[in-house]
file query-v3.txt (compact mmCIF, C-alpha atoms)
# COMPACT_ATOMS: atom_id res chain seq x y z
CA MET A 7 13.09 -17.34 -12.17
CA SER A 8 9.51 -16.17 -12.71
CA GLN A 9 7.60 -13.12 -11.57
CA VAL A 10 4.29 -13.95 -9.91
CA LEU A 11 1.70 -11.20 -9.49
CA PHE A 12 -0.47 -10.90 -6.39
CA PRO A 13 -2.87 -8.05 -7.25
CA SER A 14 -4.47 -7.75 -3.76
CA CYS A 15 -8.04 -8.94 -3.36
CA LYS A 16 -8.99 -5.85 -1.36
CA ALA A 17 -7.40 -3.44 -3.84
CA GLN A 18 -9.18 -5.12 -6.74
CA ALA A 19 -12.52 -4.86 -4.97
CA THR A 20 -12.03 -1.27 -3.80
CA TYR A 21 -10.14 0.26 -6.74
CA ARG A 22 -11.64 -1.82 -9.50
CA ASN A 23 -10.91 0.39 -12.52
CA ALA A 24 -7.36 1.23 -11.44
CA SER A 25 -6.64 -2.43 -10.68
CA GLU A 26 -7.87 -3.47 -14.12
CA ARG A 27 -5.64 -0.89 -15.78
CA LEU A 28 -2.70 -2.03 -13.64
CA SER A 29 -3.27 -5.65 -14.68
CA LYS A 30 -3.43 -4.63 -18.34
CA TYR A 31 -0.18 -2.67 -18.00
CA LEU A 32 1.64 -5.56 -16.28
CA GLN A 33 0.38 -8.04 -18.87
CA GLU A 34 1.49 -5.88 -21.80
CA LYS A 35 4.78 -4.67 -20.29
CA HIS A 36 5.93 -7.70 -18.30
CA GLY A 37 3.76 -10.57 -19.50
CA MET A 38 2.39 -11.04 -16.00
CA LYS A 39 -1.02 -12.41 -15.10
CA PRO A 40 -2.48 -12.34 -11.58
CA ILE A 41 -2.20 -15.61 -9.68
CA GLY A 42 -4.89 -14.84 -7.10
CA CYS A 43 -5.06 -14.41 -3.33
CA CYS A 44 -1.83 -14.56 -1.34
CA ARG A 45 -3.54 -16.40 1.51
CA VAL A 46 -4.39 -19.27 -0.82
CA LYS A 47 -1.68 -19.19 -3.47
CA HIS A 48 1.43 -18.46 -1.39
CA GLN A 49 2.23 -22.18 -1.17
CA GLN A 50 2.67 -22.34 -4.94
CA LEU A 51 5.75 -20.12 -4.92
CA THR A 52 9.21 -21.65 -5.24
CA PRO A 53 12.62 -20.31 -4.21
CA ASP A 54 13.12 -19.27 -7.84
CA ASP A 55 10.09 -16.96 -7.87
CA THR A 56 9.78 -13.23 -7.26
CA ALA A 57 6.42 -12.18 -5.85
CA ILE A 58 5.10 -8.90 -7.27
CA VAL A 59 2.70 -7.19 -4.86
CA VAL A 60 0.45 -4.16 -4.49
CA CYS A 61 -0.47 -4.62 -0.85
CA ASN A 62 1.73 -4.22 2.24
CA ASN A 63 -0.16 -7.00 3.99
CA CYS A 64 0.33 -9.36 1.05
CA ALA A 65 4.05 -8.64 1.27
CA ALA A 66 4.10 -9.46 4.98
CA ILE A 67 2.31 -12.77 4.40
CA LEU A 68 4.52 -13.78 1.49
CA GLU A 69 7.70 -12.86 3.36
CA GLU A 70 6.85 -15.26 6.16
CA SER A 71 4.74 -17.98 4.56
CA SER A 72 6.12 -18.47 1.06
CA GLN A 73 9.36 -19.69 -0.44
CA ALA A 74 9.62 -16.71 -2.80
CA LYS A 75 13.16 -15.59 -3.47
CA ALA A 76 12.18 -11.92 -3.34
CA ILE A 77 9.22 -9.59 -2.85
CA GLN A 78 8.88 -6.60 -5.18
CA PHE A 79 6.22 -3.91 -5.16
CA ILE A 80 4.54 -2.75 -8.34
CA TRP A 81 5.63 0.79 -7.39
CA GLU A 82 9.22 -0.27 -8.06
CA LEU A 83 8.39 -1.70 -11.49
CA ILE A 84 6.57 1.45 -12.54
CA ASP A 85 9.27 3.74 -11.17
CA ALA A 86 11.87 1.90 -13.24
CA ASP A 87 9.80 2.08 -16.44
CA GLU A 88 11.17 4.96 -18.49
CA ARG A 89 8.22 4.77 -20.89
CA PHE A 90 5.43 4.82 -18.34
CA GLN A 91 2.95 7.57 -19.11
CA PHE A 92 2.60 9.36 -15.77
CA PRO A 93 -0.50 11.49 -15.27
CA ASP A 94 0.27 15.15 -14.56
CA TYR A 95 -1.29 16.62 -11.41
CA HIS A 96 0.11 20.08 -12.14
CA GLY A 97 1.88 20.70 -8.86
CA ALA A 98 -1.01 19.70 -6.59
CA VAL A 99 -0.03 19.66 -2.93
CA MET A 100 -0.86 16.51 -0.98
CA THR A 101 0.30 14.94 2.26
CA ILE A 102 1.82 11.46 2.24
CA GLN A 103 0.70 8.90 4.82
CA ASP A 104 3.16 6.11 5.50
CA CYS A 105 1.86 2.70 6.57
CA TRP A 106 2.96 0.79 9.66
CA ILE A 107 2.94 -2.58 7.86
CA ALA A 108 5.75 -1.23 5.67
CA PHE A 109 7.43 0.93 8.31
CA GLU A 110 10.84 -0.72 7.79
CA LYS A 111 10.68 -0.77 3.98
CA ARG A 112 12.57 2.42 3.23
CA HIS A 113 13.01 1.46 -0.44
CA VAL A 114 9.23 1.25 -0.85
CA GLN A 115 8.68 4.56 0.92
CA GLU A 116 11.27 6.30 -1.24
CA THR A 117 9.85 4.77 -4.41
CA VAL A 118 6.37 6.05 -3.59
CA ARG A 119 7.80 9.54 -3.18
CA SER A 120 9.67 9.22 -6.46
CA LEU A 121 6.41 8.36 -8.21
CA LEU A 122 4.66 11.36 -6.68
CA SER A 123 7.37 13.65 -8.03
CA LYS A 124 7.06 12.08 -11.47
CA MET A 125 3.32 12.80 -11.37
CA ASN A 126 4.07 16.46 -10.58
CA ILE A 127 2.67 16.21 -7.05
CA GLN A 128 4.21 18.28 -4.27
CA TYR A 129 4.02 16.13 -1.15
CA LEU A 130 4.16 17.22 2.47
CA GLU A 131 5.57 14.99 5.19
CA LEU A 132 3.93 14.12 8.48
CA GLU A 133 6.04 14.21 11.64
CA GLU A 134 5.44 10.48 12.09
CA ASN A 135 6.72 9.34 8.71
CA TYR A 136 8.93 6.58 7.34
CA ASN A 137 9.89 4.19 10.19
CA LYS A 138 8.20 6.45 12.75
CA THR A 139 4.71 5.78 11.44
CA ARG A 140 2.27 3.92 13.67
CA PHE A 141 -0.71 4.33 11.37
CA CYS A 142 -2.62 1.61 9.56
CA GLY A 143 -6.23 2.69 9.77
CA THR A 144 -8.88 0.31 11.05
CA ASN A 145 -6.41 -2.57 10.76
CA LEU A 146 -4.76 -1.62 14.06
CA LEU A 147 -7.95 -0.49 15.79
CA SER A 148 -9.52 -3.93 15.36
CA PRO A 149 -8.39 -7.33 16.68
CA CYS A 150 -5.66 -8.99 14.61
CA THR A 151 -7.31 -11.47 12.27
CA GLU A 152 -6.66 -15.16 12.79
CA SER A 153 -5.37 -15.46 9.23
CA ASN A 154 -2.86 -12.62 9.60
CA ALA A 155 -1.68 -13.96 12.95
CA LYS A 156 -1.02 -17.34 11.37
CA LEU A 157 0.48 -16.34 8.03
CA ALA A 158 2.53 -13.35 9.24
CA HIS A 159 3.08 -14.44 12.84
CA ARG A 160 6.30 -12.56 13.41
CA ARG A 161 4.92 -9.29 12.07
CA TYR A 162 1.57 -9.31 13.83
CA VAL A 163 2.12 -11.41 16.96
CA VAL A 164 5.78 -11.70 17.95
CA GLU A 165 6.77 -8.13 17.08
CA GLY A 166 3.46 -6.32 16.56
CA ALA A 167 0.93 -7.55 19.11
CA HIS A 168 1.29 -4.33 21.10
CA MET A 169 0.19 -2.29 18.08
CA PHE A 170 -3.39 -3.53 18.17
CA THR A 171 -5.80 -1.46 20.27
CA PRO A 172 -9.33 -2.58 19.34
CA CYS A 173 -12.05 0.00 19.84
CA THR A 174 -15.60 0.76 18.74
CA PRO A 175 -16.47 2.31 15.35
CA GLU A 176 -17.31 5.56 17.16
CA GLU A 177 -13.92 5.59 18.87
CA GLN A 178 -12.23 4.80 15.58
CA GLY A 179 -13.91 7.75 13.90
CA GLU A 180 -12.79 10.10 16.66
CA HIS A 181 -9.25 8.71 16.52
CA PHE A 182 -9.02 9.31 12.77
CA ARG A 183 -10.48 12.81 13.04
CA ARG A 184 -7.82 13.72 15.60
CA HIS A 185 -5.15 12.27 13.31
CA CYS A 186 -6.43 14.25 10.33
CA GLU A 187 -6.45 17.48 12.31
CA LYS A 188 -2.64 17.35 12.07
CA ILE A 189 -2.79 17.20 8.27
CA LYS A 190 -2.67 20.53 6.45
CA THR A 191 -3.80 19.44 2.98
CA ALA A 192 -7.24 18.33 1.86
CA ARG A 193 -5.87 15.31 -0.01
CA VAL A 194 -3.72 12.57 1.49
CA VAL A 195 -1.79 9.98 -0.53
CA CYS A 196 -1.72 6.42 0.82
CA TYR A 197 -0.34 3.11 -0.43
CA CYS A 198 -2.52 0.99 1.84
CA LYS A 199 -6.26 0.37 1.62
CA PHE A 200 -6.72 0.54 5.40
CA CYS A 201 -4.85 3.84 5.60
CA THR A 202 -6.88 5.31 2.75
CA GLU A 203 -10.21 4.35 4.33
CA ALA A 204 -9.13 5.76 7.70
CA ILE A 205 -8.16 9.11 6.20
CA ASN A 206 -11.62 9.31 4.63
CA LEU A 207 -13.21 8.45 7.98
CA GLY A 208 -11.14 11.27 9.47
CA GLU A 209 -12.83 13.65 7.01
CA LYS A 210 -9.90 14.20 4.67
CA LYS A 211 -9.69 12.87 1.11
CA GLY A 212 -7.63 9.69 1.10
CA ILE A 213 -6.24 8.74 -2.33
CA HIS A 214 -4.59 5.39 -2.97
CA MET A 215 -1.50 5.32 -5.18
CA LEU A 216 -3.30 3.07 -7.65
CA GLU A 217 -5.91 5.78 -8.17
CA LEU A 218 -3.22 8.37 -8.83
CA LEU A 219 -1.20 6.23 -11.24
CA PHE A 220 -4.22 4.87 -13.08
CA PRO A 221 -6.94 7.54 -12.90
CA ASN A 222 -10.31 7.02 -14.52
CA GLU A 223 -10.14 7.77 -18.22
CA LYS A 224 -12.15 10.79 -19.30

call {"tool": "encode", "arguments": {"input": "query-v3.txt", "output": "structure tokens"}}
result
Amino acid sequence: MSQVLFPSCKAQATYRNASERLSKYLQEKHGMKPIGCCRVKHQQLTPDDTAIVVCNNCAAILEESSQAKAIQFIWELIDADERFQFPDYHGAVMTIQDCWIAFEKRHVQETVRSLLSKMNIQYLELEENYNKTRFCGTNLLSPCTESNAKLAHRRYVVEGAHMFTPCTPEEQGEHFRRHCEKIKTARVVCYCKFCTEAINLGEKKGIHMLELLFPNEK
């Protein structure tokens, strides 16, 4: 069995420094090198492989369109690493935003919270958390992409078509501002690029888990 890393094209582009430090950590700790984009490389996986992912959308695609034996998030690998050097945020209070694409993945949600505690972050819960979340930023306020509909058909079409309510950029901004009015803290932790961007559009500070775990070196 081999572990195959899908580092998330969007995460690499958006959180470049953190993604590079993650790749270095995974190479040194687990001997893993990134394979590339899940949309292109998913067909290379065999039933003996475990796909290691950063992105909730990558996980959804690989679950439906690959032969991978299992899907594991990098959050789980880091949480299990007793020697990982966690940055210390000195009791900072942040709100956690759960993502709809992972609404049923309780183990992922709990792992993210475990990591926050290990980084000395006090996190506040939203009323719509865990499997109650219906939030995924601009992803759900735009039409479902043809690629997602094809590669994760069950998630986005069979079971999730009703979640998409396309609207204009102006309407999106207003929607996210109303959402952020319910959030009491200035900073909001996300583990989804779309969620992070939406929180920023809603005029709060969205912080992706990659940025917290691998902050810019001073």

call {"tool": "closest_atom_pairs", "arguments": {"input": "query-v3.txt", "of": "range 81-109 of chain A", "to": "range 158-179 of chain A", "cutoff": "12 Å", "atoms": "all atoms listed in the file", "output": "JSON lines"}}
result
{"residue": "A:Trp106", "atom": "CA", "partner": "A:Met169", "partner_atom": "CA", "distance": 9.4}
{"residue": "A:Ile107", "atom": "CA", "partner": "A:Arg161", "partner_atom": "CA", "distance": 8.2}
{"residue": "A:Ala108", "atom": "CA", "partner": "A:Arg161", "partner_atom": "CA", "distance": 10.3}
{"residue": "A:Phe109", "atom": "CA", "partner": "A:Arg161", "partner_atom": "CA", "distance": 11.2}

call {"tool": "residues_around", "arguments": {"input": "query-v3.txt", "residues": "range 19-26 of chain A", "least_positions_apart": "6", "cutoff": "8 Å", "atoms": "only C-alpha atoms", "output": "PyMOL selection string"}}
result
chain A and resi 13+216-217+219-222

call {"tool": "atom_distance", "arguments": {"input": "query-v3.txt", "atom1": "CA of Ser123 in chain A", "atom2": "CA of Ala66 in chain A"}}
result
26.7 Å

call {"tool": "closest_residue", "arguments": {"input": "query-v3.txt", "among": "A:Cys15, A:Leu146, A:Val194, A:Val10", "to": "Ile127 in chain A", "atoms": "all atoms listed in the file"}}
result
A:Val194

call {"tool": "residues_around", "arguments": {"input": "query-v3.txt", "residues": "Thr202 in chain A", "least_positions_apart": "2", "cutoff": "9 Å", "atoms": "only C-alpha atoms", "output": "PyMOL selection string"}}
result
chain A and resi 103+142-143+194-200+204-207+211-214

call {"tool": "atom_distance", "arguments": {"input": "query-v3.txt", "atom1": "CA of Lys75 in chain A", "atom2": "CA of Gln9 in chain A"}}
result
10.1 Å

call {"tool": "atom_distance", "arguments": {"input": "query-v3.txt", "atom1": "CA of Val118 in chain A", "atom2": "CA of Leu218 in chain A"}}
result
11.2 Å
